[in-house]
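File shown: entry.cif. Contents: mmCIF, C-alpha atoms.
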```cif
data_upload
#
loop_
_atom_site.label_atom_id
_atom_site.label_comp_id
_atom_site.auth_asym_id
_atom_site.auth_seq_id
_atom_site.Cartn_x
_atom_site.Cartn_y
_atom_site.Cartn_z
CA GLY A 11 91.65 130.36 64.03
CA ARG A 12 90.96 128.44 67.20
CA PRO A 13 93.56 125.71 67.91
CA LYS A 14 92.51 122.15 67.18
CA PRO A 15 91.48 120.23 70.33
CA PRO A 16 93.88 117.49 71.46
CA ALA A 17 92.95 114.04 70.13
CA PRO A 18 91.86 112.67 73.54
CA VAL A 19 89.52 115.64 74.05
CA ARG A 20 88.01 115.18 70.59
CA ALA A 21 87.56 111.48 71.30
CA ALA A 22 85.87 112.24 74.62
CA TYR A 23 83.59 114.85 73.05
CA GLU A 24 82.53 112.57 70.21
CA ALA A 25 81.92 109.71 72.65
CA PHE A 26 79.87 111.99 74.91
CA CYS A 27 77.31 112.52 72.16
CA SER A 28 76.37 108.83 72.37
CA TRP A 29 77.37 107.98 75.97
CA ARG A 30 74.95 110.52 77.42
CA GLY A 31 72.13 108.62 75.72
CA VAL A 32 73.12 105.22 77.12
CA SER A 33 70.56 104.08 79.68
CA ALA A 34 71.35 104.35 83.37
CA LYS A 35 70.97 100.59 83.64
CA GLU A 36 73.57 99.98 80.94
CA ARG A 37 76.03 102.49 82.43
CA SER A 38 75.51 100.79 85.78
CA SER A 39 76.23 97.38 84.26
CA LEU A 40 79.44 98.55 82.56
CA LEU A 41 80.78 100.17 85.73
CA ARG A 42 80.01 96.98 87.64
CA LYS A 43 81.98 94.95 85.08
CA TRP A 44 84.89 97.35 85.51
CA TYR A 45 84.69 96.87 89.27
CA ASP A 46 84.64 93.07 88.87
CA LEU A 47 87.76 93.20 86.70
CA MET A 48 89.57 95.34 89.27
CA ILE A 49 88.81 92.78 91.96
CA LYS A 50 89.90 89.94 89.67
CA ASN A 51 93.22 91.72 88.96
CA LYS A 52 93.70 93.29 92.39
CA ASP A 53 97.08 91.70 93.09
CA ASP A 54 98.66 92.91 89.84
CA LEU A 55 97.15 96.38 90.24
CA ALA A 56 98.58 96.62 93.76
CA LYS A 57 102.04 95.64 92.51
CA ILE A 58 101.88 98.42 89.94
CA ILE A 59 101.14 100.96 92.68
CA THR A 60 104.01 99.77 94.86
CA ALA A 61 106.39 99.78 91.88
CA GLU A 62 105.61 103.34 90.81
CA ASN A 63 104.65 104.96 94.13
CA GLY A 64 106.72 102.99 96.66
CA LYS A 65 104.01 102.44 99.29
CA PRO A 66 104.06 99.05 101.06
CA LEU A 67 102.30 96.30 99.13
CA LYS A 68 99.75 95.80 101.91
CA GLU A 69 98.77 99.48 101.66
CA ALA A 70 98.63 99.23 97.87
CA GLN A 71 96.30 96.24 98.15
CA GLY A 72 94.09 98.29 100.45
CA GLU A 73 94.06 101.14 97.94
CA ILE A 74 92.94 98.85 95.12
CA LEU A 75 89.99 97.57 97.15
CA TYR A 76 89.10 101.15 98.12
CA SER A 77 89.52 102.24 94.51
CA ALA A 78 87.30 99.47 93.16
CA LEU A 79 84.56 100.28 95.67
CA PHE A 80 84.04 103.67 94.01
CA LEU A 81 83.17 101.91 90.76
CA GLU A 82 80.78 99.61 92.61
CA TRP A 83 79.21 102.54 94.50
CA PHE A 84 78.68 104.71 91.43
CA SER A 85 77.45 101.76 89.39
CA GLU A 86 74.54 101.76 91.83
CA GLU A 87 74.21 105.56 92.00
CA ALA A 88 73.90 105.69 88.20
CA ARG A 89 70.38 104.33 88.56
CA ARG A 90 69.39 106.89 91.20
CA ILE A 91 69.69 110.14 89.23
CA TYR A 92 66.19 111.41 89.84
CA GLY A 93 64.58 114.66 88.70
CA ASP A 94 61.69 116.55 90.32
CA ILE A 95 58.21 117.81 89.59
CA ILE A 96 57.50 121.15 91.26
CA TYR A 97 53.92 122.31 91.70
CA THR A 98 53.38 126.05 91.23
CA PRO A 99 50.27 128.26 91.67
CA ALA A 100 49.63 128.28 87.90
CA LYS A 101 47.07 125.55 87.18
CA ASP A 102 47.89 125.37 83.45
CA LYS A 103 51.62 124.73 83.97
CA ARG A 104 53.83 121.94 85.21
CA SER A 105 57.42 122.56 86.29
CA LEU A 106 60.02 119.85 85.83
CA VAL A 107 63.66 119.63 86.95
CA LEU A 108 65.92 117.39 84.89
CA LYS A 109 69.44 116.26 85.73
CA GLN A 110 71.75 116.02 82.73
CA PRO A 111 75.47 115.25 82.34
CA VAL A 112 77.82 118.23 82.26
CA GLY A 113 79.87 116.99 79.30
CA VAL A 114 83.56 116.20 78.92
CA ALA A 115 85.45 116.25 82.22
CA ALA A 116 89.20 116.86 82.53
CA VAL A 117 90.39 114.78 85.48
CA ILE A 118 93.81 115.62 86.95
CA THR A 119 95.03 113.27 89.65
CA PRO A 120 97.96 113.01 92.12
CA TRP A 121 100.62 110.39 92.73
CA ASN A 122 99.82 109.52 96.36
CA PHE A 123 96.71 107.46 95.54
CA PRO A 124 97.22 106.80 91.82
CA SER A 125 94.23 104.47 91.46
CA ALA A 126 91.65 105.63 94.01
CA MET A 127 91.82 109.30 93.05
CA ILE A 128 90.91 108.30 89.49
CA THR A 129 87.98 106.01 90.25
CA ARG A 130 86.51 108.41 92.82
CA LYS A 131 86.18 111.00 90.05
CA VAL A 132 85.69 108.83 86.99
CA GLY A 133 83.12 106.52 88.60
CA ALA A 134 80.89 109.52 89.33
CA ALA A 135 81.49 111.10 85.93
CA LEU A 136 80.66 107.99 83.91
CA ALA A 137 77.65 107.19 86.07
CA ALA A 138 76.31 110.69 85.35
CA GLY A 139 76.78 110.24 81.60
CA CYS A 140 79.97 112.30 81.22
CA THR A 141 83.12 111.22 79.42
CA VAL A 142 86.60 111.90 80.79
CA VAL A 143 90.17 112.72 79.90
CA VAL A 144 92.49 111.71 82.74
CA LYS A 145 95.90 113.29 83.22
CA PRO A 146 97.62 111.17 85.88
CA ALA A 147 100.58 112.43 87.88
CA GLU A 148 103.89 112.24 86.03
CA ASP A 149 105.30 109.96 88.75
CA THR A 150 102.49 107.39 88.56
CA PRO A 151 101.03 106.98 85.04
CA LEU A 152 100.91 103.18 85.01
CA SER A 153 97.94 102.80 87.35
CA ALA A 154 95.83 105.02 85.07
CA LEU A 155 96.85 103.01 82.02
CA ALA A 156 96.08 99.73 83.80
CA LEU A 157 92.60 101.04 84.57
CA ALA A 158 92.22 101.93 80.88
CA GLU A 159 93.04 98.35 79.90
CA LEU A 160 90.41 97.01 82.29
CA ALA A 161 87.87 99.59 81.08
CA GLN A 162 88.39 98.28 77.57
CA GLN A 163 87.93 94.70 78.78
CA ALA A 164 84.71 95.79 80.50
CA ARG A 165 83.44 97.01 77.09
CA ILE A 166 83.24 100.64 78.12
CA PRO A 167 82.95 102.34 74.70
CA PRO A 168 86.03 103.92 73.09
CA GLY A 169 86.46 107.58 73.97
CA VAL A 170 84.55 107.40 77.25
CA TYR A 171 87.71 106.94 79.38
CA ASN A 172 90.87 108.52 77.97
CA VAL A 173 94.33 108.78 79.55
CA VAL A 174 96.98 111.39 78.74
CA PRO A 175 100.25 110.51 80.50
CA CYS A 176 103.05 113.02 80.18
CA SER A 177 106.52 113.87 81.43
CA ARG A 178 107.16 116.34 84.24
CA LYS A 179 108.48 118.78 81.64
CA LYS A 180 105.19 118.67 79.72
CA ALA A 181 102.83 118.54 82.71
CA LYS A 182 102.01 122.27 82.88
CA GLU A 183 101.45 122.48 79.13
CA VAL A 184 99.17 119.43 79.06
CA GLY A 185 97.22 120.58 82.12
CA GLU A 186 96.67 124.02 80.61
CA ALA A 187 95.57 122.55 77.28
CA LEU A 188 92.97 120.35 78.96
CA CYS A 189 91.64 123.06 81.25
CA THR A 190 91.29 125.72 78.56
CA ASP A 191 89.87 123.55 75.78
CA PRO A 192 86.37 124.74 74.81
CA LEU A 193 85.17 121.15 74.43
CA VAL A 194 85.92 120.50 78.12
CA SER A 195 83.00 121.46 80.38
CA LYS A 196 84.29 120.31 83.76
CA ILE A 197 87.60 120.19 85.62
CA SER A 198 88.18 117.88 88.57
CA PHE A 199 91.55 118.19 90.29
CA THR A 200 93.24 116.68 93.32
CA GLY A 201 96.57 118.19 94.30
CA SER A 202 98.20 121.21 95.89
CA THR A 203 96.35 124.42 96.66
CA ALA A 204 98.90 126.39 94.61
CA THR A 205 98.23 124.33 91.47
CA GLY A 206 94.49 124.38 92.14
CA LYS A 207 94.52 128.19 92.05
CA ILE A 208 96.23 128.12 88.64
CA LEU A 209 93.60 125.71 87.28
CA LEU A 210 90.82 127.90 88.68
CA HIS A 211 92.24 130.79 86.65
CA TYR A 212 92.15 128.61 83.54
CA ALA A 213 88.57 127.59 84.27
CA ALA A 214 87.45 131.17 84.85
CA ASP A 215 88.02 132.27 81.25
CA SER A 216 85.29 129.94 79.96
CA VAL A 217 83.39 129.53 83.28
CA LYS A 218 83.88 125.77 83.50
CA ARG A 219 82.46 123.70 86.34
CA VAL A 220 85.19 122.79 88.83
CA SER A 221 85.81 120.36 91.67
CA MET A 222 88.95 120.99 93.71
CA GLU A 223 90.35 118.69 96.39
CA LEU A 224 93.41 120.61 97.55
CA GLY A 225 95.94 120.74 100.36
CA GLY A 226 95.30 120.11 104.03
CA HIS A 227 96.99 120.85 107.36
CA ALA A 228 94.95 118.58 109.61
CA PRO A 229 94.98 119.17 113.37
CA PHE A 230 94.90 116.15 115.68
CA ILE A 231 93.73 117.31 119.11
CA VAL A 232 94.05 115.19 122.26
CA PHE A 233 92.10 116.49 125.25
CA ASP A 234 92.78 115.53 128.87
CA SER A 235 89.69 113.28 128.96
CA ALA A 236 90.92 111.16 126.03
CA ASN A 237 91.82 107.50 126.21
CA VAL A 238 95.58 107.79 125.62
CA ASP A 239 96.04 104.36 124.06
CA ARG A 240 93.20 104.92 121.60
CA ALA A 241 94.54 108.38 120.77
CA VAL A 242 98.00 106.97 120.05
CA ALA A 243 96.53 104.23 117.84
CA GLY A 244 94.54 106.86 115.95
CA ALA A 245 97.59 109.08 115.61
CA MET A 246 99.62 106.22 114.14
CA ALA A 247 96.92 105.41 111.59
CA SER A 248 96.28 109.01 110.65
CA LYS A 249 99.89 110.20 110.46
CA PHE A 250 101.96 107.45 108.93
CA ARG A 251 99.77 105.92 106.22
CA ASN A 252 101.64 106.23 102.92
CA SER A 253 104.59 107.62 104.92
CA GLY A 254 102.59 110.73 105.79
CA GLN A 255 101.92 111.55 102.13
CA THR A 256 98.15 111.99 102.28
CA CYS A 257 96.14 115.20 102.17
CA VAL A 258 94.06 114.17 105.20
CA CYS A 259 96.92 112.94 107.39
CA SER A 260 97.44 114.67 110.72
CA ASN A 261 99.97 117.45 110.39
CA ARG A 262 99.77 119.14 113.82
CA PHE A 263 99.29 117.27 117.09
CA LEU A 264 97.75 119.52 119.74
CA VAL A 265 97.89 117.82 123.13
CA GLN A 266 96.44 119.19 126.38
CA ARG A 267 98.91 119.76 129.19
CA GLY A 268 97.48 117.17 131.61
CA ILE A 269 97.84 114.28 129.16
CA HIS A 270 100.78 115.60 127.13
CA ASP A 271 103.71 113.69 128.64
CA SER A 272 101.88 110.36 128.66
CA PHE A 273 100.78 110.79 125.04
CA VAL A 274 104.24 111.76 123.78
CA LYS A 275 105.88 108.84 125.61
CA LYS A 276 103.44 106.26 124.25
CA PHE A 277 103.45 107.79 120.76
CA ALA A 278 107.25 107.56 120.59
CA GLU A 279 107.16 103.96 121.81
CA ALA A 280 104.58 103.02 119.18
CA ILE A 281 106.62 104.61 116.38
CA LYS A 282 109.76 102.73 117.40
CA ARG A 283 107.90 99.45 117.92
CA ASP A 284 105.45 99.33 115.03
CA LEU A 285 107.00 101.15 112.07
CA ARG A 286 109.56 99.61 109.77
CA VAL A 287 111.12 101.51 106.87
CA GLY A 288 112.01 99.51 103.78
CA ASN A 289 111.21 98.24 100.30
CA GLY A 290 107.45 98.22 99.75
CA PHE A 291 107.60 94.70 98.33
CA GLU A 292 109.27 93.26 101.44
CA GLU A 293 107.09 91.57 104.05
CA GLY A 294 106.77 93.63 107.21
CA THR A 295 107.54 97.02 105.64
CA THR A 296 105.17 99.71 106.90
CA GLN A 297 106.97 102.81 105.59
CA GLY A 298 108.16 103.07 102.01
CA PRO A 299 110.11 105.89 100.37
CA LEU A 300 108.88 109.42 99.86
CA ILE A 301 107.95 110.14 96.26
CA ASN A 302 111.20 111.97 95.43
CA GLU A 303 114.19 113.70 96.99
CA LYS A 304 112.45 117.08 96.96
CA ALA A 305 109.85 115.65 99.35
CA VAL A 306 112.61 114.42 101.67
CA GLU A 307 114.27 117.82 101.63
CA LYS A 308 111.04 119.46 102.79
CA VAL A 309 110.82 117.12 105.79
CA GLU A 310 114.47 117.83 106.60
CA LYS A 311 113.80 121.56 106.37
CA HIS A 312 110.86 121.34 108.76
CA VAL A 313 112.81 119.24 111.27
CA SER A 314 115.91 121.44 111.23
CA ASP A 315 113.82 124.61 111.54
CA ALA A 316 111.92 123.22 114.52
CA VAL A 317 115.05 122.00 116.30
CA SER A 318 116.79 125.34 115.75
CA LYS A 319 113.85 127.02 117.51
CA GLY A 320 113.78 124.69 120.50
CA ALA A 321 111.91 121.53 119.48
CA THR A 322 113.04 118.14 120.81
CA ILE A 323 113.45 115.06 118.61
CA GLU A 324 111.78 112.18 120.47
CA THR A 325 112.54 109.67 117.72
CA GLY A 326 113.74 109.76 114.11
CA GLY A 327 114.83 113.09 112.71
CA ARG A 328 117.03 112.14 109.76
CA ARG A 329 117.18 110.30 106.46
CA HIS A 330 117.00 106.56 106.78
CA GLN A 331 120.02 104.45 105.86
CA PHE A 332 117.87 102.53 103.35
CA GLY A 333 118.29 105.24 100.70
CA LYS A 334 118.12 108.93 99.82
CA ASN A 335 114.32 108.99 99.42
CA PHE A 336 113.66 107.35 102.78
CA PHE A 337 113.14 109.32 105.99
CA GLU A 338 112.79 108.02 109.52
CA PRO A 339 109.32 108.37 111.10
CA THR A 340 109.86 111.40 113.32
CA LEU A 341 108.21 112.73 116.47
CA LEU A 342 108.95 116.24 117.74
CA SER A 343 107.92 117.69 121.11
CA ASN A 344 108.18 121.25 122.44
CA VAL A 345 106.91 122.52 119.09
CA THR A 346 105.65 126.10 118.92
CA ARG A 347 103.40 127.93 116.50
CA ASP A 348 106.23 129.94 114.95
CA MET A 349 107.90 126.83 113.49
CA LEU A 350 107.47 125.93 109.81
CA CYS A 351 105.88 122.57 110.60
CA SER A 352 103.15 124.39 112.52
CA HIS A 353 101.92 126.41 109.56
CA GLU A 354 103.05 124.48 106.46
CA GLU A 355 101.85 121.07 105.28
CA THR A 356 104.85 118.72 105.55
CA PHE A 357 103.53 115.80 103.47
CA GLY A 358 105.92 113.36 105.09
CA PRO A 359 106.50 111.19 108.19
CA LEU A 360 106.79 114.06 110.69
CA ALA A 361 104.58 114.38 113.78
CA PRO A 362 105.05 117.70 115.65
CA VAL A 363 103.41 118.01 119.08
CA ILE A 364 102.19 121.37 120.41
CA LYS A 365 101.12 121.64 124.06
CA PHE A 366 97.95 123.60 124.90
CA ASP A 367 95.95 124.46 128.02
CA THR A 368 92.32 125.17 127.10
CA GLU A 369 89.75 123.99 124.58
CA GLU A 370 89.44 127.51 123.21
CA GLU A 371 93.19 127.67 122.64
CA ALA A 372 93.21 124.34 120.78
CA VAL A 373 90.35 125.32 118.50
CA ALA A 374 92.00 128.67 117.76
CA ILE A 375 95.28 126.98 116.80
CA ALA A 376 93.45 124.39 114.69
CA ASN A 377 91.46 127.04 112.82
CA ALA A 378 94.39 129.38 112.21
CA ALA A 379 95.25 127.64 108.93
CA ASP A 380 93.95 128.97 105.60
CA VAL A 381 93.02 125.41 104.61
CA GLY A 382 90.45 123.10 106.15
CA LEU A 383 90.26 119.58 104.78
CA ALA A 384 90.22 117.19 107.76
CA GLY A 385 90.52 117.46 111.52
CA TYR A 386 90.68 114.90 114.32
CA PHE A 387 90.22 115.00 118.06
CA TYR A 388 90.03 112.62 120.99
CA SER A 389 87.78 113.29 123.98
CA GLN A 390 85.42 111.40 126.28
CA ASP A 391 83.38 114.50 127.14
CA PRO A 392 80.07 114.40 125.16
CA ALA A 393 79.44 118.14 125.41
CA GLN A 394 83.00 118.91 124.32
CA ILE A 395 82.67 116.51 121.38
CA TRP A 396 79.66 118.41 120.04
CA ARG A 397 81.28 121.80 120.59
CA VAL A 398 84.58 121.01 118.93
CA ALA A 399 83.09 119.03 116.03
CA GLU A 400 80.95 122.04 115.14
CA GLN A 401 83.71 124.62 115.66
CA LEU A 402 86.51 123.02 113.63
CA GLU A 403 86.75 124.77 110.26
CA VAL A 404 87.20 121.63 108.17
CA GLY A 405 85.13 119.56 105.77
CA MET A 406 85.62 116.26 107.62
CA VAL A 407 86.03 115.48 111.32
CA GLY A 408 87.25 112.29 112.97
CA VAL A 409 86.04 112.00 116.58
CA ASN A 410 88.00 109.33 118.45
CA GLU A 411 88.91 107.97 115.00
CA GLY A 412 92.01 108.40 112.85
CA LEU A 413 90.80 106.92 109.55
CA ILE A 414 87.74 108.62 108.08
CA SER A 415 87.73 108.03 104.31
CA THR A 416 84.99 105.76 102.97
CA VAL A 417 83.15 105.62 99.65
CA GLU A 418 79.75 106.17 101.27
CA CYS A 419 80.59 109.56 102.84
CA PRO A 420 81.35 112.95 101.23
CA PHE A 421 85.04 113.83 100.89
CA GLY A 422 86.14 117.45 100.59
CA GLY A 423 87.22 120.57 102.42
CA VAL A 424 86.49 124.21 103.19
CA LYS A 425 88.52 127.41 102.94
CA GLN A 426 91.47 126.88 100.57
CA SER A 427 91.17 123.09 100.73
CA GLY A 428 88.83 123.02 97.78
CA LEU A 429 85.40 123.14 96.20
CA GLY A 430 82.79 120.39 95.97
CA ARG A 431 82.58 116.88 97.37
CA GLU A 432 83.63 113.46 96.07
CA GLY A 433 82.26 110.01 96.82
CA SER A 434 78.93 109.43 98.58
CA LYS A 435 75.52 110.20 97.09
CA TYR A 436 76.66 113.81 96.67
CA GLY A 437 79.66 113.02 94.45
CA ILE A 438 77.62 112.44 91.31
CA ASP A 439 76.04 115.91 91.56
CA GLU A 440 79.41 117.43 90.62
CA TYR A 441 78.92 116.00 87.10
CA LEU A 442 75.26 116.92 86.61
CA GLU A 443 73.52 120.09 85.48
CA LEU A 444 70.01 121.00 86.62
CA LYS A 445 67.60 121.97 83.86
CA TYR A 446 64.26 123.57 84.67
CA VAL A 447 61.47 122.87 82.16
CA CYS A 448 58.22 124.87 82.33
CA TYR A 449 55.46 122.97 80.52
CA GLY A 450 52.53 125.29 79.83
CA GLY A 451 49.21 125.31 78.02
CA LEU A 452 47.73 122.43 80.00
#
```

What's the structure tokens form of this structure?
Amino acid sequence: GRPKPPAPVRAAYEAFCSWRGVSAKERSSLLRKWYDLMIKNKDDLAKIITAENGKPLKEAQGEILYSALFLEWFSEEARRIYGDIIYTPAKDKRSLVLKQPVGVAAVITPWNFPSAMITRKVGAALAAGCTVVVKPAEDTPLSALALAELAQQARIPPGVYNVVPCSRKKAKEVGEALCTDPLVSKISFTGSTATGKILLHYAADSVKRVSMELGGHAPFIVFDSANVDRAVAGAMASKFRNSGQTCVCSNRFLVQRGIHDSFVKKFAEAIKRDLRVGNGFEEGTTQGPLINEKAVEKVEKHVSDAVSKGATIETGGRRHQFGKNFFEPTLLSNVTRDMLCSHEETFGPLAPVIKFDTEEEAVAIANAADVGLAGYFYSQDPAQIWRVAEQLEVGMVGVNEGLISTVECPFGGVKQSGLGREGSKYGIDEYLELKYVCYGGL
């Protein structure tokens, strides 16, 4: 016979039968209470993130506020799930469009933003009337469990928010069980493109709804007309947040020949002046450890490959003396397109600079990747801004801006960077089905 569903999935399915019938106003109120409790406990929640992830406490505090805002946002969106009436030529019929919750959602989240990646998905799901089973990353389960405690305090009914932490050894097995369970109607995943493809295969067998927020390889283009100081400030913010371990961080710096030397000089100075590697709990630390030694080894591999092919280390370039999981913020110049760092996502504190001559060349390099999550560029030419913003094959563009994520705007990519959008007024649609009702005999 068919295998018995895991207990958390059964709990979510049973809870869905009643949660879907809870009024939008009540769901809104419960999400708002959850938000209020996150704000009340923000300091403790931030300490949990720093303890399990390593990011500086100031960054962790910022993540908690960002994370909580998704609950606030979707508490309001819960009351704005409107249907439609469509008028057709038939006078004796009325056509209605209803929006209804998809069902149980399996939510699989990464370690780099262990709180925000949960609330961005779960806030939308619960607002829509879905229930969830969350599988947090093996490295960072405590943030998910802390959110579960606060959900309970907010009186969110049992079974609506479920957490399934697991060891690294069990991760594949648990992920497969969630994604193939017939009681699960929706999969929402944030992580690598390689893992996303595996989950898409699982989803295909039962044609589940999917949202995929996958890998990126973001270009950061600096044109000759750019304000160099603003471009450097944007590069610092975009590249080194969470020690370069974000899917939207700049991974390739394309700098036009006329401004190249000035940009590289000022970028190197800013890295040396403003970044401090250390313990995330220590005041003044801006760069914590990478998540594990495997991540450090990838950065080392990219640096050594680039140097062996002619790149120049402007600053950094090796493990930091603080410990084996720490790596110095690194800037490389004279980088070419045949180097690993030019066509692989590093996911670490490495900024490789590629020199280019023309706008067409820069756009071609930027679009050569098979992923397209975010892209950034700096220019003071209005016509160029419109051209490049439209031509970049990405889901999100920062123009003269290095930080683009906000709860009000849609987050997601194109090509192999994923499917669907999170946050914003569009995020809730990922958890809703459209039902057409034809009412005849009038």

Worksheet item: Looking at only C-alpha atoms, which of A:Val345, A:Cys189, A:Cys257, A:Ala56 is the one that sits closest to Val144 of chain A?
Response: A:Cys189

Worksheet item: What residues come out when you apply the PyMOL selection byres ((chain A and resi 106-120) around 7) to this file, written as a VMD selection string?
Response: chain A and resid 22 to 23 26 30 93 to 96 104 to 105 121 to 124 127 to 128 138 to 147 188 to 189 193 to 201 441 to 448

Worksheet item: Pick the closest to Met246 of chain A from A:Gly185, A:Gly169, A:Pro359, A:Gly433: which is it, counting only C-alpha atoms?
Response: A:Pro359

Around all of segment 418-427 of chain A's listed atoms, make the axis-aligned box with 6 Å on each side and tell me centre and edge lengths in Å to one decimal, as JSON.
```
{"center_x": 85.6, "center_y": 116.8, "center_z": 101.9, "size_x": 23.7, "size_y": 33.2, "size_z": 14.6}
```

Practice prompt. Please write the residues picked by the PyMOL selection byres ((chain A and resi 408) around 10) on this file as a list in words.
Written response: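 When the PyMOL selection byres ((chain A and resi 408) around 10) is applied, the selected residues are Phe230, Gly244, Ser248, Ala384, Gly385, Tyr386, Phe387, Tyr388, Ala399, Met406, Val407, Val409, Asn410, Glu411, Gly412, Leu413, Ile414 and Ser415 of chain A.
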
Fill in: Residue members of the PyMOL selection byres ((chain A and resi 153-157) around 10) in the file shown, as an MDAnalysis selection string
chainID A and resid 44 47:48 51 54:59 62:63 119 121 123:129 144:147 150:152 158:163 171:175

Worksheet entry | Sel. within 9 Å of pt (95.4, 126.1, 106.6), counting all atoms listed in the file, output as a list in words |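 Output: Gly225, Gly226, His227, Ala228, His353, Glu354, Glu355, Ala376, Asn377, Ala378, Ala379, Asp380, Val381, Gly382, Leu383, Lys425, Gln426 and Ser427 of chain A.
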
Item to complete: Determine the nearest neighbour of Pro339 of chain A from the options A:Glu87, A:Glu307, A:Asp102, A:Glu324, counting only C-alpha atoms.
Response: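 Checking each candidate against Pro339 of chain A, we get A:Glu324 as the closest.
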
Worksheet item: Nearest to Ser352 of chain A among A:Thr416, A:Thr296, A:Gln331, A:Ser260, with distances taken over all atoms listed in the file: which residue is it?
Response: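 Closest to Ser352 of chain A of all the choices is A:Ser260.
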
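When all atoms listed in the file are used to compute distances to Leu350 of chain A, the closest of the residues A:Arg262, A:Arg219, A:His330, A:Lys276 turns out to be A:Arg262.
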
Fill in: Between atom CA of Ala164 of chain A and atom CA of Lys435 of chain A, distance in Å (one decimal)
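So the answer is 23.8 Å.
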
Worksheet item: Could you state the separation of atom CA of Glu440 of chain A and atom CA of Pro229 of chain A in Å, given to one decimal place?
Response: 27.6 Å

Worksheet item: With only C-alpha atoms as the basis for distance, which of A:Gly133, A:Gly298, A:Gly405, A:Pro192 is at the shortest distance from Leu40 of chain A?
Response: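 With only C-alpha atoms as the atom set, the closest residue is A:Gly133.
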
Practice prompt. To one decimal in Å, tell me the separation between atom CA of Arg347 of chain A and atom CA of Ser235 of chain A.
Written response: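 Answer for the atom CA of Arg347 of chain A to atom CA of Ser235 of chain A separation: 23.6 Å.
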
Discussion item. Give me the residues near Val242 of chain A as number ranges by chain, where near means some atom within 12 Å (using only C-alpha atoms) and where sequence neighbours in that chain fewer than 2 positions away do not count.
Written reply: A: 230-232, 236-240, 244-250, 263, 265, 269-270, 272-281, 284, 361, 387-388, 410-412
